Amino acid sequence: MPKKIANIKEILAANIRENRRKRGLTQEKLAEKADMSLHYLATLELGNNFPSGEMLEKLAKALDIQPFQLFYPSATPEGALLQLEQSIITNIEKIISNTVKQTVKQTIKEAFEDNIKCYSPKSN
């Protein structure tokens with residue numbers, strides 16, 4: 001049976017809950033910081049409701065994150081794998097980029113040194 005892919009409400013709910021817990025906030029404290037009712041926050045964390053753009057901004061500000069981060073599927077196993085894959089790709093790209101830069105610098109340095117040798121007066 002194929003794995004169920006989380007829908008956007010489930011991703012949002014899991015990310016609100018995960019970020020709240022990471023910051024050591026209770027639902028009551030987060031609701032207060034985000035200027036919303038405890039009941040409304042609870043429905044968001046259960047995935048039973050979807051907030052307006054204004055409420056997303058309030059939640060993100062209260063959690064000290066960017067609003068788009070509430071939609072990263074990192075709270076799901078599939079999302080964690082996606083983030084890991086992206087991290088690996090980013091690291092490989094950095095390694096390749098640094099290696100290419102070092103190789104180009106070395107090649108230029110060697111060419112410059114060869115040029116200097118060609119035009120330097122020879123000592124007997």
# chains A, B, ... in the order shown; residues from 1 in each chain; ligands from 1
$ residues_around --residues "Tyr72 (chain A)" --least-positions-apart "5" --cutoff "9 Å" --atoms "only C-alpha atoms" --output "list in words"
Ile11, Leu12, Asn15, Gly79 and Gln83 of chain A
$ write_last_selection --atoms "N, CA and C atoms" --output "PDB file, in the first residue's frame"
ATOM      1  N   ILE A  11       0.561  19.229   7.358  1.00  0.00           N
ATOM      2  CA  ILE A  11       1.922  19.772   7.408  1.00  0.00           C
ATOM      3  C   ILE A  11       1.948  21.010   8.296  1.00  0.00           C
ATOM      4  N   LEU A  12       0.997  21.915   8.073  1.00  0.00           N
ATOM      5  CA  LEU A  12       0.911  23.134   8.875  1.00  0.00           C
ATOM      6  C   LEU A  12       0.712  22.792  10.350  1.00  0.00           C
ATOM      7  N   ASN A  15       3.888  21.416  11.867  1.00  0.00           N
ATOM      8  CA  ASN A  15       4.938  22.427  12.000  1.00  0.00           C
ATOM      9  C   ASN A  15       4.635  23.438  13.102  1.00  0.00           C
ATOM     10  N   GLY A  79       9.008  14.497   4.556  1.00  0.00           N
ATOM     11  CA  GLY A  79       9.572  15.847   4.570  1.00  0.00           C
ATOM     12  C   GLY A  79      10.991  15.855   5.097  1.00  0.00           C
ATOM     13  N   GLN A  83      14.248  17.187   3.096  1.00  0.00           N
ATOM     14  CA  GLN A  83      15.203  18.161   3.631  1.00  0.00           C
ATOM     15  C   GLN A  83      16.615  17.594   3.644  1.00  0.00           C
TER      16      GLN A  83
END
$ select_by_dssp --residues "chain A" --states "alpha helix (DSSP H)" --output "PyMOL selection string"
chain A and resi 8-22+27-33+38-45+53-63+77-119
$ residues_around --residues "Ala42 (chain A)" --least-positions-apart "4" --cutoff "12 Å" --atoms "only C-alpha atoms" --output "list in words"
Ala13, Ala14, Ile16, Arg17, Arg20, Thr26, Gln27, Glu28, Leu30, Ala31, Met36, Ser37, Leu38, Leu46, Gly47, Asn48, Asn49, Phe50 and Pro51 of chain A
$ atom_distance --atom1 "CA of Leu44 (chain A)" --atom2 "CA of Ile65 (chain A)"
17.0 Å
$ closest_residue --among "A:Leu25, A:Val104, A:Ile116, A:Leu70" --to "Gly53 (chain A)" --atoms "only C-alpha atoms"
A:Leu70
$ residues_around --residues "Asp35 (chain A)" --least-positions-apart "6" --cutoff "12 Å" --atoms "only C-alpha atoms" --output "list in words"
Gln27, Glu28, Lys29, Leu41, Glu54, Met55, Leu56, Glu57, Lys58, Leu59, Ala60, Lys61 and Ala62 of chain A
